[in-house]
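J.: This one is protein10.tsv, TSV, C-alpha atoms.
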chain	number	residue	atom	x	y	z
F	600	MET	CA	167.65	-79.45	-19.68
F	601	PRO	CA	166.77	-78.15	-23.14
F	602	ALA	CA	168.58	-75.01	-24.06
F	603	ASP	CA	165.49	-73.21	-25.37
F	604	ALA	CA	163.87	-71.75	-22.25
F	605	THR	CA	160.99	-70.31	-24.25
F	606	ASP	CA	159.78	-73.74	-25.28
F	607	ARG	CA	156.04	-73.71	-24.70
F	608	ALA	CA	155.80	-77.32	-23.56
F	609	GLN	CA	158.49	-76.73	-21.00
F	610	ILE	CA	156.69	-73.71	-19.58
F	611	ILE	CA	153.43	-75.66	-19.43
F	612	GLY	CA	155.32	-78.38	-17.59
F	613	GLU	CA	156.60	-75.84	-15.05
F	614	ILE	CA	153.10	-74.41	-14.58
F	615	GLY	CA	151.72	-77.91	-14.03
F	616	ARG	CA	154.42	-78.73	-11.50
F	617	ILE	CA	153.77	-75.54	-9.55
F	618	VAL	CA	149.97	-75.94	-9.65
F	619	THR	CA	150.48	-79.36	-8.08
F	620	GLU	CA	152.68	-77.79	-5.40
F	621	VAL	CA	150.07	-75.13	-4.67
F	622	ILE	CA	146.92	-77.23	-4.45
F	623	GLY	CA	148.36	-80.64	-3.65
F	624	ASP	CA	148.35	-84.00	-5.40
F	625	ASP	CA	145.10	-85.10	-3.77
F	626	TYR	CA	143.08	-82.59	-5.75
F	627	LEU	CA	144.67	-83.37	-9.10
F	628	ILE	CA	143.93	-87.05	-9.47
F	629	ASP	CA	143.20	-87.89	-13.15
F	630	THR	CA	143.58	-84.25	-14.21
F	631	GLU	CA	146.04	-83.96	-17.06
F	632	ILE	CA	147.38	-80.44	-17.45
F	633	THR	CA	147.54	-79.31	-21.06
F	634	ALA	CA	147.51	-75.98	-22.91
F	635	SER	CA	143.70	-75.95	-22.98
F	636	THR	CA	143.24	-76.73	-19.28
F	637	THR	CA	141.50	-73.86	-17.48
F	638	PHE	CA	142.71	-72.85	-14.03
F	639	VAL	CA	139.30	-72.23	-12.53
F	640	GLY	CA	136.98	-74.58	-14.41
F	641	ASP	CA	139.26	-77.62	-14.76
F	642	LEU	CA	141.75	-77.27	-11.91
F	643	GLU	CA	139.37	-75.47	-9.51
F	644	LEU	CA	142.20	-73.13	-8.62
F	645	GLU	CA	141.00	-70.59	-6.05
F	646	SER	CA	141.82	-66.89	-6.34
F	647	ILE	CA	144.31	-66.98	-3.46
F	648	GLU	CA	146.00	-70.02	-5.01
F	649	PHE	CA	146.49	-68.21	-8.31
F	650	VAL	CA	148.30	-65.49	-6.31
F	651	SER	CA	150.65	-68.17	-4.99
F	652	LEU	CA	151.09	-69.68	-8.48
F	653	ALA	CA	152.01	-66.28	-9.96
F	654	ALA	CA	154.48	-65.61	-7.13
F	655	ARG	CA	156.19	-68.98	-7.60
F	656	LEU	CA	156.44	-68.40	-11.34
F	657	GLN	CA	157.90	-64.97	-10.62
F	658	ASP	CA	160.50	-66.61	-8.37
F	659	LEU	CA	161.27	-69.10	-11.12
F	660	TYR	CA	161.60	-66.68	-14.01
F	661	GLY	CA	162.72	-63.61	-12.07
F	662	GLU	CA	162.50	-60.11	-13.48
F	663	ARG	CA	162.49	-61.44	-17.02
F	664	VAL	CA	158.70	-61.81	-16.75
F	665	ASP	CA	156.48	-58.92	-15.62
F	666	PHE	CA	153.63	-60.55	-13.70
F	667	VAL	CA	152.50	-57.17	-12.37
F	668	ALA	CA	151.67	-56.22	-15.97
F	669	PHE	CA	149.91	-59.56	-16.46
F	670	VAL	CA	147.57	-59.07	-13.50
F	671	THR	CA	146.84	-55.41	-14.16
F	672	GLU	CA	145.78	-56.27	-17.70
F	673	LEU	CA	143.68	-59.18	-16.53
F	674	GLU	CA	139.99	-58.61	-15.89
F	675	ILE	CA	138.51	-60.78	-13.16
F	676	ASP	CA	136.18	-62.54	-15.61
F	677	GLN	CA	139.19	-63.33	-17.78
F	678	LEU	CA	140.76	-65.17	-14.86
F	679	THR	CA	137.75	-67.48	-14.83
F	680	ASP	CA	138.45	-68.58	-18.40
F	681	LEU	CA	142.25	-68.36	-18.34
F	682	THR	CA	143.99	-71.42	-19.74
F	683	VAL	CA	147.39	-72.86	-18.93
F	684	GLY	CA	148.38	-72.24	-22.56
F	685	GLU	CA	147.51	-68.53	-22.36
F	686	LEU	CA	149.65	-68.08	-19.26
F	687	ALA	CA	152.48	-70.05	-20.89
F	688	ASP	CA	152.29	-67.84	-24.00
F	689	PHE	CA	152.48	-64.72	-21.85
F	690	ILE	CA	155.59	-66.03	-20.10
F	691	GLY	CA	157.04	-67.22	-23.40
F	692	ARG	CA	156.75	-63.78	-24.98
F	693	TYR	CA	158.77	-62.21	-22.16
F	694	LEU	CA	161.39	-64.94	-22.24
F	695	ALA	CA	161.71	-64.64	-26.02
F	696	ALA	CA	162.17	-60.88	-25.71
F	697	ASP	CA	164.73	-61.44	-22.98
F	698	GLU	CA	166.70	-63.78	-25.22
F	699	THR	CA	167.29	-61.22	-27.91
F	700	PRO	CA	170.60	-60.24	-26.37
F	701	ALA	CA	173.08	-57.54	-27.10
F	702	PRO	CA	175.59	-59.35	-29.33
F	703	ALA	CA	178.72	-59.02	-27.24
F	704	ALA	CA	177.90	-59.20	-23.58
F	705	PRO	CA	178.39	-62.81	-22.51
F	706	ALA	CA	180.17	-62.06	-19.24
F	707	SER	CA	177.68	-59.55	-17.89
F	708	ALA	CA	174.75	-61.77	-18.83
F	709	SER	CA	175.49	-64.04	-15.90
F	710	ALA	CA	175.24	-61.23	-13.35
F	711	SER	CA	171.49	-61.43	-13.07
F	712	ALA	CA	171.31	-65.22	-13.03
F	713	PRO	CA	171.45	-66.00	-9.29
F	714	ALA	CA	168.24	-64.12	-8.54
F	715	SER	CA	166.27	-66.19	-11.01
F	716	ALA	CA	166.56	-69.57	-9.28
F	717	SER	CA	166.87	-72.82	-11.13
F	718	ALA	CA	165.33	-71.89	-14.47
F	719	SER	CA	168.11	-69.50	-15.31
F	720	ALA	CA	170.90	-71.77	-14.16
F	721	SER	CA	171.63	-72.98	-17.67
F	722	ALA	CA	171.19	-69.61	-19.36
F	723	PRO	CA	174.59	-67.93	-18.94
F	724	GLY	CA	176.51	-70.70	-20.65
F	725	ARG	CA	174.20	-70.88	-23.63
F	726	ASP	CA	174.64	-67.38	-24.91
F	727	GLY	CA	178.20	-67.10	-23.74
J	1223	MET	CA	158.74	-63.83	-0.63
J	1224	ALA	CA	156.01	-66.25	0.33
J	1225	ASP	CA	156.10	-67.49	3.89
J	1226	LEU	CA	157.38	-65.35	6.70
J	1227	GLU	CA	157.47	-66.32	10.36
J	1228	VAL	CA	156.13	-63.46	12.43
J	1229	ARG	CA	155.67	-63.77	16.20
J	1230	GLY	CA	156.00	-67.53	15.84
J	1231	VAL	CA	153.25	-67.73	13.20
J	1232	ARG	CA	153.78	-68.55	9.52
J	1233	LEU	CA	152.21	-65.77	7.48
J	1234	HIS	CA	151.71	-65.81	3.72
J	1235	VAL	CA	153.32	-62.59	2.45
J	1236	GLN	CA	153.77	-61.37	-1.11
J	1237	ARG	CA	155.76	-58.36	-2.27
J	1238	LEU	CA	154.97	-56.90	-5.66
J	1239	ALA	CA	157.97	-54.85	-6.60
J	1240	ALA	CA	157.75	-51.68	-8.61
J	1241	PRO	CA	158.57	-52.64	-12.19
J	1242	THR	CA	161.69	-50.58	-12.77
J	1243	ALA	CA	164.67	-49.67	-10.69
J	1244	ALA	CA	164.03	-46.01	-11.48
J	1245	THR	CA	160.74	-45.93	-9.60
J	1246	ARG	CA	161.48	-48.58	-6.97
J	1247	GLY	CA	161.82	-47.30	-3.45
J	1248	ARG	CA	160.92	-43.71	-4.29
J	1249	SER	CA	158.21	-43.70	-1.63
J	1250	PRO	CA	157.26	-45.84	1.36
J	1251	ALA	CA	156.07	-49.37	0.69
J	1252	VAL	CA	152.32	-49.92	0.73
J	1253	VAL	CA	151.08	-52.67	3.06
J	1254	PHE	CA	147.59	-54.08	2.44
J	1255	VAL	CA	145.45	-55.43	5.29
J	1256	HIS	CA	142.43	-57.42	4.13
J	1257	GLY	CA	139.19	-57.82	6.09
J	1258	VAL	CA	138.31	-60.70	8.39
J	1259	LEU	CA	137.15	-63.87	6.62
J	1260	GLY	CA	138.81	-62.60	3.43
J	1261	ASN	CA	142.35	-62.92	2.13
J	1262	MET	CA	144.95	-60.91	0.20
J	1263	SER	CA	143.33	-61.67	-3.14
J	1264	ALA	CA	140.70	-59.02	-2.29
J	1265	PHE	CA	143.43	-56.47	-2.99
J	1266	TYR	CA	145.68	-58.46	-5.35
J	1267	TYR	CA	143.58	-58.39	-8.51
J	1268	THR	CA	141.96	-54.99	-8.18
J	1269	LEU	CA	144.43	-52.67	-6.46
J	1270	ALA	CA	147.82	-53.96	-5.30
J	1271	ASN	CA	149.27	-54.84	-8.71
J	1272	HIS	CA	148.07	-51.51	-10.09
J	1273	VAL	CA	149.80	-49.73	-7.21
J	1274	ALA	CA	152.99	-51.67	-8.02
J	1275	ALA	CA	152.67	-50.83	-11.72
J	1276	ALA	CA	152.45	-47.15	-10.73
J	1277	GLY	CA	155.86	-47.45	-9.13
J	1278	HIS	CA	155.14	-48.22	-5.48
J	1279	ASP	CA	156.27	-51.38	-3.70
J	1280	ALA	CA	153.21	-53.32	-2.56
J	1281	VAL	CA	153.25	-55.82	0.29
J	1282	LEU	CA	150.27	-58.10	0.87
J	1283	TYR	CA	149.75	-60.64	3.63
J	1284	ASP	CA	147.07	-63.00	4.82
J	1285	LEU	CA	145.96	-62.47	8.41
J	1286	ARG	CA	146.64	-65.46	10.63
J	1287	GLY	CA	144.04	-68.17	10.03
J	1288	HIS	CA	143.17	-66.64	6.66
J	1289	GLY	CA	144.20	-67.33	3.06
J	1290	LEU	CA	147.43	-69.30	2.97
J	1291	SER	CA	148.66	-68.23	6.40
J	1292	GLU	CA	148.92	-70.64	9.30
J	1293	CYS	CA	145.68	-71.38	11.11
J	1294	THR	CA	146.67	-71.10	14.75
J	1295	PRO	CA	144.35	-72.51	17.42
J	1296	ASP	CA	144.14	-69.11	19.11
J	1297	GLY	CA	145.47	-65.56	19.02
J	1298	TYR	CA	142.69	-63.77	17.13
J	1299	LEU	CA	142.14	-60.85	19.49
J	1300	MET	CA	142.38	-57.44	17.85
J	1301	ASP	CA	145.58	-56.88	19.83
J	1302	ASP	CA	147.08	-60.06	18.33
J	1303	MET	CA	146.29	-59.03	14.78
J	1304	VAL	CA	147.69	-55.54	15.36
J	1305	ALA	CA	150.85	-57.05	16.88
J	1306	ASP	CA	151.18	-59.35	13.83
J	1307	LEU	CA	150.99	-56.33	11.51
J	1308	GLU	CA	153.47	-54.38	13.64
J	1309	ALA	CA	155.98	-57.25	13.54
J	1310	LEU	CA	155.41	-57.72	9.81
J	1311	VAL	CA	156.11	-54.05	9.03
J	1312	GLU	CA	159.21	-54.12	11.19
J	1313	THR	CA	160.42	-57.25	9.43
J	1314	VAL	CA	159.73	-56.44	5.78
J	1315	GLU	CA	160.60	-52.75	5.90
J	1316	ALA	CA	163.12	-52.78	8.75
J	1317	GLY	CA	161.14	-50.19	10.72
J	1318	ARG	CA	160.75	-47.69	7.87
J	1319	PRO	CA	157.28	-46.13	7.79
J	1320	VAL	CA	154.77	-47.59	5.32
J	1321	HIS	CA	151.45	-46.59	3.84
J	1322	LEU	CA	148.77	-48.84	5.33
J	1323	VAL	CA	145.72	-49.78	3.26
J	1324	GLY	CA	142.99	-51.52	5.25
J	1325	TYR	CA	139.66	-52.90	4.08
J	1326	SER	CA	136.76	-53.24	6.52
J	1327	LEU	CA	138.06	-54.65	9.82
J	1328	GLY	CA	141.52	-54.61	8.26
J	1329	GLY	CA	141.03	-50.84	8.47
J	1330	THR	CA	140.54	-51.17	12.21
J	1331	ILE	CA	143.78	-53.15	12.49
J	1332	ALA	CA	145.57	-50.47	10.48
J	1333	GLN	CA	144.09	-47.67	12.63
J	1334	ARG	CA	145.16	-49.43	15.82
J	1335	LEU	CA	148.74	-49.76	14.58
J	1336	THR	CA	148.75	-46.09	13.55
J	1337	LEU	CA	147.69	-45.10	17.05
J	1338	GLY	CA	150.16	-47.37	18.80
J	1339	ARG	CA	153.14	-47.02	16.45
J	1340	PRO	CA	152.79	-43.80	14.44
J	1341	ASP	CA	156.51	-44.04	13.66
J	1342	LEU	CA	155.76	-47.04	11.42
J	1343	VAL	CA	153.03	-45.30	9.41
J	1344	ALA	CA	153.45	-42.71	6.68
J	1345	SER	CA	149.77	-42.49	5.87
J	1346	LEU	CA	146.58	-44.46	6.30
J	1347	ILE	CA	144.15	-45.48	3.57
J	1348	LEU	CA	140.84	-46.89	4.75
J	1349	VAL	CA	138.70	-48.65	2.16
J	1350	GLU	CA	135.34	-49.09	3.86
J	1351	GLY	CA	137.52	-49.14	6.93
J	1352	LEU	CA	135.75	-46.58	9.06
J	1353	VAL	CA	133.18	-48.70	10.80
J	1354	GLY	CA	131.68	-45.84	12.74
J	1355	PRO	CA	129.99	-46.44	16.07
J	1356	GLU	CA	127.21	-44.08	15.05
J	1357	SER	CA	125.92	-46.55	12.50
J	1358	ASP	CA	122.87	-48.51	13.60
J	1359	HIS	CA	123.95	-51.25	11.25
J	1360	THR	CA	127.32	-51.61	12.97
J	1361	ARG	CA	125.77	-51.65	16.42
J	1362	GLU	CA	123.18	-54.22	15.46
J	1363	LEU	CA	125.74	-56.44	13.74
J	1364	TRP	CA	128.08	-56.27	16.68
J	1365	ASP	CA	125.48	-56.82	19.38
J	1366	ARG	CA	124.16	-59.81	17.50
J	1367	GLY	CA	127.64	-61.26	17.16
J	1368	ARG	CA	128.49	-60.76	20.81
J	1369	MET	CA	125.28	-62.36	22.01
J	1370	VAL	CA	125.86	-65.58	20.15
J	1371	SER	CA	129.48	-66.34	20.88
J	1372	ASP	CA	128.96	-70.05	21.47
J	1373	GLU	CA	129.97	-73.00	19.31
J	1374	ASP	CA	126.58	-73.27	17.68
J	1375	ALA	CA	126.75	-69.65	16.58
J	1376	ALA	CA	130.23	-70.17	15.13
J	1377	THR	CA	128.97	-73.14	13.13
J	1378	LYS	CA	126.01	-71.14	11.84
J	1379	LEU	CA	128.31	-68.30	10.87
J	1380	ALA	CA	130.60	-70.77	9.11
J	1381	ASP	CA	127.61	-72.14	7.16
J	1382	ALA	CA	126.54	-68.63	6.18
J	1383	VAL	CA	130.02	-67.53	5.11
J	1384	ILE	CA	130.64	-70.69	3.12
J	1385	ALA	CA	127.26	-70.44	1.39
J	1386	LYS	CA	128.03	-66.84	0.47
J	1387	THR	CA	131.46	-67.65	-0.95
J	1388	LEU	CA	130.71	-71.06	-2.43
J	1389	SER	CA	132.13	-70.04	-5.78
J	1390	GLU	CA	135.51	-69.62	-4.10
J	1391	GLY	CA	135.91	-73.39	-3.85
J	1392	ARG	CA	136.07	-76.28	-1.45
J	1393	ARG	CA	139.54	-75.72	-0.03
J	1394	ARG	CA	138.67	-72.19	1.04
J	1395	ALA	CA	135.40	-73.45	2.48
J	1396	ALA	CA	137.24	-76.07	4.53
J	1397	LYS	CA	139.68	-73.45	5.84
J	1398	MET	CA	136.85	-71.07	6.76
J	1399	ARG	CA	135.03	-73.81	8.65
J	1400	ARG	CA	138.19	-74.74	10.51
J	1401	LEU	CA	138.90	-71.12	11.45
J	1402	LEU	CA	135.36	-70.54	12.68
J	1403	THR	CA	134.73	-73.82	14.49
J	1404	GLU	CA	138.12	-75.13	15.61
J	1405	THR	CA	139.87	-71.97	16.81
J	1406	THR	CA	139.16	-69.12	19.20
J	1407	PHE	CA	138.62	-66.77	16.22
J	1408	HIS	CA	134.88	-66.27	16.67
J	1409	ALA	CA	135.04	-65.74	20.44
J	1410	ASP	CA	138.11	-63.49	20.15
J	1411	LEU	CA	136.60	-61.31	17.45
J	1412	PHE	CA	133.55	-60.50	19.49
J	1413	ARG	CA	135.54	-59.87	22.65
J	1414	LEU	CA	136.04	-56.28	21.51
J	1415	ARG	CA	134.18	-54.37	24.17
J	1416	SER	CA	132.01	-52.21	21.96
J	1417	THR	CA	131.69	-50.65	18.57
J	1418	GLU	CA	133.53	-47.65	20.01
J	1419	SER	CA	136.72	-49.67	19.93
J	1420	LEU	CA	136.40	-50.16	16.16
J	1421	THR	CA	137.34	-46.59	15.42
J	1422	ALA	CA	140.26	-44.39	16.29
J	1423	PRO	CA	139.39	-40.75	15.62
J	1424	SER	CA	142.60	-39.41	17.14
J	1425	ILE	CA	144.73	-40.71	14.26
J	1426	GLY	CA	147.75	-38.47	13.79
J	1427	ARG	CA	148.65	-39.42	10.23
J	1428	PRO	CA	147.25	-38.21	6.88
J	1429	THR	CA	144.24	-40.40	6.22
J	1430	LEU	CA	142.31	-41.19	3.06
J	1431	ALA	CA	138.89	-42.66	3.84
J	1432	ILE	CA	137.08	-44.22	0.89
J	1433	SER	CA	133.48	-45.30	1.39
J	1434	GLY	CA	130.89	-46.87	-0.86
J	1435	GLU	CA	127.88	-44.70	-1.46
J	1436	GLY	CA	125.56	-47.59	-0.69
J	1437	SER	CA	127.48	-48.86	2.34
J	1438	GLU	CA	125.53	-49.80	5.44
J	1439	PHE	CA	128.35	-48.24	7.43
J	1440	PHE	CA	128.32	-45.00	5.50
J	1441	GLY	CA	126.59	-42.76	8.06
J	1442	GLY	CA	128.95	-43.71	10.84
J	1443	ALA	CA	131.96	-43.49	8.56
J	1444	ALA	CA	131.20	-39.93	7.53
J	1445	LYS	CA	130.82	-38.80	11.12
J	1446	THR	CA	133.95	-40.57	12.24
J	1447	ALA	CA	135.99	-39.20	9.36
J	1448	GLY	CA	135.05	-35.71	10.53
J	1449	LEU	CA	136.84	-36.43	13.81
J	1450	ILE	CA	140.17	-37.33	12.20
J	1451	PRO	CA	142.32	-34.19	11.97
J	1452	ASP	CA	143.84	-34.75	8.52
J	1453	CYS	CA	141.33	-36.85	6.63
J	1454	ARG	CA	140.28	-36.78	3.00
J	1455	VAL	CA	136.91	-38.44	2.48
J	1456	VAL	CA	135.98	-39.96	-0.86
J	1457	VAL	CA	132.62	-41.48	-1.66
J	1458	VAL	CA	132.48	-43.96	-4.51
J	1459	GLU	CA	129.18	-44.20	-6.32
J	1460	GLY	CA	127.53	-47.42	-7.36
J	1461	CYS	CA	128.98	-49.72	-4.73
J	1462	ASP	CA	128.56	-50.75	-1.11
J	1463	HIS	CA	130.69	-52.33	1.63
J	1464	ASP	CA	130.98	-55.67	-0.15
J	1465	THR	CA	131.48	-54.39	-3.70
J	1466	ILE	CA	133.83	-51.43	-3.25
J	1467	LEU	CA	136.81	-53.53	-4.38
J	1468	SER	CA	134.97	-54.97	-7.37
J	1469	ALA	CA	132.36	-52.57	-8.79
J	1470	GLY	CA	134.12	-49.63	-7.13
J	1471	ALA	CA	137.67	-50.75	-8.02
J	1472	PRO	CA	138.44	-48.27	-10.84
J	1473	ALA	CA	137.58	-45.28	-8.64
J	1474	VAL	CA	139.42	-46.73	-5.65
J	1475	ARG	CA	142.52	-47.33	-7.81
J	1476	GLU	CA	142.50	-43.77	-9.08
J	1477	GLU	CA	142.16	-42.27	-5.59
J	1478	VAL	CA	144.77	-44.51	-3.96
J	1479	ILE	CA	147.42	-44.13	-6.68
J	1480	SER	CA	146.87	-40.38	-6.79
J	1481	TRP	CA	147.24	-40.25	-2.98
J	1482	LEU	CA	150.51	-42.23	-3.11
J	1483	ASP	CA	151.89	-40.20	-6.02
J	1484	ASP	CA	151.08	-36.94	-4.22
J	1485	TYR	CA	152.83	-38.19	-1.10
J	1486	ALA	CA	155.90	-39.15	-3.13
J	1487	ALA	CA	155.92	-35.76	-4.87
J	1488	ARG	CA	155.64	-33.90	-1.55
J	1489	THR	CA	158.43	-35.97	-0.05
J	1490	ALA	CA	160.66	-35.26	-3.05
J	1491	GLU	CA	159.86	-31.56	-2.76
J	1492	ASP	CA	160.66	-31.57	0.98
J	1493	LEU	CA	163.97	-33.23	0.25
J	1494	ARG	CA	164.79	-30.64	-2.41
J	1495	GLU	CA	163.90	-27.85	0.01
J	1496	GLU	CA	166.00	-29.43	2.72
J	1497	SER	CA	169.00	-29.72	0.45
J	1498	GLY	CA	168.35	-26.17	-0.80
J	1499	CYS	CA	168.34	-24.80	2.76
J	1500	HIS	CA	171.45	-26.74	3.52
J	1501	ALA	CA	173.23	-25.29	0.48
J	1502	SER	CA	172.23	-21.72	1.24
J	1503	SER	CA	173.22	-21.99	4.89
J	1504	SER	CA	176.63	-23.26	3.90
J	1505	SER	CA	177.00	-20.28	1.58
J	1506	TYR	CA	176.47	-18.01	4.56
J	1507	HIS	CA	179.09	-19.91	6.50
J	1508	PRO	CA	181.71	-20.83	3.96
Render the structure in this file as structure tokens.
T.:
Amino acid sequence: MPADATDRAQIIGEIGRIVTEVIGDDYLIDTEITASTTFVGDLELESIEFVSLAARLQDLYGERVDFVAFVTELEIDQLTDLTVGELADFIGRYLAADETPAPAAPASASASAPASASASASAPGRDG
Amino acid sequence: MADLEVRGVRLHVQRLAAPTAATRGRSPAVVFVHGVLGNMSAFYYTLANHVAAAGHDAVLYDLRGHGLSECTPDGYLMDDMVADLEALVETVEAGRPVHLVGYSLGGTIAQRLTLGRPDLVASLILVEGLVGPESDHTRELWDRGRMVSDEDAATKLADAVIAKTLSEGRRRAAKMRRLLTETTFHADLFRLRSTESLTAPSIGRPTLAISGEGSEFFGGAAKTAGLIPDCRVVVVEGCDHDTILSAGAPAVREEVISWLDDYAARTAEDLREESGCHASSSSYHP
């Protein structure tokens, strides 16, 4: 796994994987997920499915990403036009901020890792 | 949190935690109960995340057969849905009282739980959730529904609901049709004996009743609210039953968050007073 967790392509890949989980392979035939793909127009993601997508991303990235802030700042009409790239950029900004660590705290950095599922599994060793 | 088995049924549950440890857990969790034929997204985008951002834990779930919860073949009586909510609250909050927020018939479910298990409820917030029996509109709607509780009627209702929510997509449409035509949902819903059973005026918990100014249920709601001992009534302008959580959302947010903050402040004050009394009594009895 690449060390740089903020890599945009990697986040887009995670979003694509989770969208497939949420709506199922059958509905995604011939739909390539890129930064410019829209959730509603292209993927036909329903409002309840976006809730599930956000929750799964929250599980993946843990408290490093504030999805509550994302939704409260989102107007409903913005959701209609939201692209995969815009969501990836939002996540990326939080992850980048999270990776500006205090210089000498390698041991304590691992304390929060277990709650953040697989995505954070490689993080403690990198900064340590 | 995503799927939770409650009473043998898989329910889709989401908890939106308060953003910082400092605010988390300072007041009871807020549990949102959406209306029938809706799902948790009715609250998710317009209210629940804002409540979480204000420092209150928010718990949303899809009623059985709705949203991403399991579509059971039966079990859609009001008593079933109240029992689901009761079990959910006991599971996610380990029996601690919660604030209940109910929209439309979700408000009826919340009222029923408040009557049956007041120990589980800190306060009740009804968003277009007082479907008063005095309303001609309610009576007409209900009588019409009860008269046509056969398969044909369920199919027609499914067609109407799907046509109305077409923009929501084909997967939701398929789920709605399944719920209405392949389960006992339609028959169970209209088995409620009368419109009287939709309201519970003897609620013994602080209640915030928010109605849309243009709501068809408004007349009945106002009268019913007058029967609840401790009820604050708020009327939101420029919206009706269907649009109170879209057009009316900013006003609803303000009222609900203010209600929750006030409750938290009062609780904190009570705790301070309690500890103050305790300290002074110990000074009398050193």
J.: What's the 10 Å shell around Asp641 (chain F), counting all atoms listed in the file, without same-chain residues fewer than 6 positions away, as a PDB file with C-alpha atoms, in the frame of the given file?
T.:
ATOM      1  CA  LEU F 627     144.670 -83.370  -9.100  1.00  0.00           C
ATOM      2  CA  THR F 630     143.580 -84.250 -14.210  1.00  0.00           C
ATOM      3  CA  GLU F 631     146.040 -83.960 -17.060  1.00  0.00           C
ATOM      4  CA  ILE F 632     147.380 -80.440 -17.450  1.00  0.00           C
ATOM      5  CA  SER F 635     143.700 -75.950 -22.980  1.00  0.00           C
ATOM      6  CA  ASP F 680     138.450 -68.580 -18.400  1.00  0.00           C
ATOM      7  CA  THR F 682     143.990 -71.420 -19.740  1.00  0.00           C
TER       8      THR F 682
END
J.: Residues within 9 Å of region 1255-1265 of chain J, please, as a PyMOL selection string. Count all atoms listed in the file; anything in the same chain fewer than 4 positions from it doesn't count.
T.: (chain F and resi 646-650) or (chain J and resi 1235-1236+1269-1271+1282-1285+1287-1290+1307+1322-1329+1331-1332+1351+1383+1398+1401+1467-1468)
J.: Could you tell me how far CA of Ser1249 (chain J) lies from CA of Asp1483 (chain J), in Å and to one decimal?
T.: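 Value for the CA of Ser1249 (chain J)-CA of Asp1483 (chain J) distance: 8.5 Å.
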J.: Identify every residue of chain F that has at least one atom within 8 Å of any atom of chain J, counting only C-alpha atoms, and report the result as a count of residues only.
T.: 14
J.: Taking all atoms listed in the file into account, name the residue in J:Ser1480, J:Thr1294, J:Ser1424, J:Thr1377 that is nearest to His1408 (chain J).
T.: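 Checking each candidate against His1408 (chain J), we get J:Thr1377 as the closest.
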J.: Can you tell me, as a ChimeraX atom specification, what residues are no more than 12 Å from Gly612 (chain F) when counting only C-alpha atoms, ignoring any on the same chain fewer than 2 positions away?
T.: /F:604-610,614-619,631-634,656,683-684,686-687
J.: Print the selection's residues with C-alpha atoms to a file, as a short mmCIF file (atom, residue, chain, number, x, y, z; two decimals), in the frame of the given file.
T.:
data_model
loop_
_atom_site.label_atom_id
_atom_site.label_comp_id
_atom_site.auth_asym_id
_atom_site.auth_seq_id
_atom_site.Cartn_x
_atom_site.Cartn_y
_atom_site.Cartn_z
CA ALA F 604 163.87 -71.75 -22.25
CA THR F 605 160.99 -70.31 -24.25
CA ASP F 606 159.78 -73.74 -25.28
CA ARG F 607 156.04 -73.71 -24.70
CA ALA F 608 155.80 -77.32 -23.56
CA GLN F 609 158.49 -76.73 -21.00
CA ILE F 610 156.69 -73.71 -19.58
CA ILE F 614 153.10 -74.41 -14.58
CA GLY F 615 151.72 -77.91 -14.03
CA ARG F 616 154.42 -78.73 -11.50
CA ILE F 617 153.77 -75.54 -9.55
CA VAL F 618 149.97 -75.94 -9.65
CA THR F 619 150.48 -79.36 -8.08
CA GLU F 631 146.04 -83.96 -17.06
CA ILE F 632 147.38 -80.44 -17.45
CA THR F 633 147.54 -79.31 -21.06
CA ALA F 634 147.51 -75.98 -22.91
CA LEU F 656 156.44 -68.40 -11.34
CA VAL F 683 147.39 -72.86 -18.93
CA GLY F 684 148.38 -72.24 -22.56
CA LEU F 686 149.65 -68.08 -19.26
CA ALA F 687 152.48 -70.05 -20.89
#
J.: Tell me, as a PDB file with C-alpha atoms, in the coordinates of the input, which residues lie within 9 Å of Val1304 (chain J), counting all atoms listed in the file; anything in the same chain fewer than 2 positions away does not count.
T.:
ATOM      1  CA  LEU J1299     142.140 -60.850  19.490  1.00  0.00           C
ATOM      2  CA  MET J1300     142.380 -57.440  17.850  1.00  0.00           C
ATOM      3  CA  ASP J1301     145.580 -56.880  19.830  1.00  0.00           C
ATOM      4  CA  ASP J1302     147.080 -60.060  18.330  1.00  0.00           C
ATOM      5  CA  ASP J1306     151.180 -59.350  13.830  1.00  0.00           C
ATOM      6  CA  LEU J1307     150.990 -56.330  11.510  1.00  0.00           C
ATOM      7  CA  GLU J1308     153.470 -54.380  13.640  1.00  0.00           C
ATOM      8  CA  ALA J1309     155.980 -57.250  13.540  1.00  0.00           C
ATOM      9  CA  THR J1330     140.540 -51.170  12.210  1.00  0.00           C
ATOM     10  CA  ILE J1331     143.780 -53.150  12.490  1.00  0.00           C
ATOM     11  CA  ALA J1332     145.570 -50.470  10.480  1.00  0.00           C
ATOM     12  CA  ARG J1334     145.160 -49.430  15.820  1.00  0.00           C
ATOM     13  CA  LEU J1335     148.740 -49.760  14.580  1.00  0.00           C
TER      14      LEU J1335
END
J.: Which distance in Å separates CA of Pro1340 (chain J) and CA of Gly1470 (chain J), to one decimal?
T.: 29.1 Å
J.: One number please: CA of Leu1348 (chain J) to CA of Ala1431 (chain J), in Å, one decimal.
T.: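 Value for the CA of Leu1348 (chain J)-CA of Ala1431 (chain J) distance: 4.7 Å.
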J.: Restricting the calculation to only C-alpha atoms, which member of F:Val621, F:Leu678, F:Leu652, F:Val664 is positioned closest to Leu694 (chain F)?
T.: F:Val664
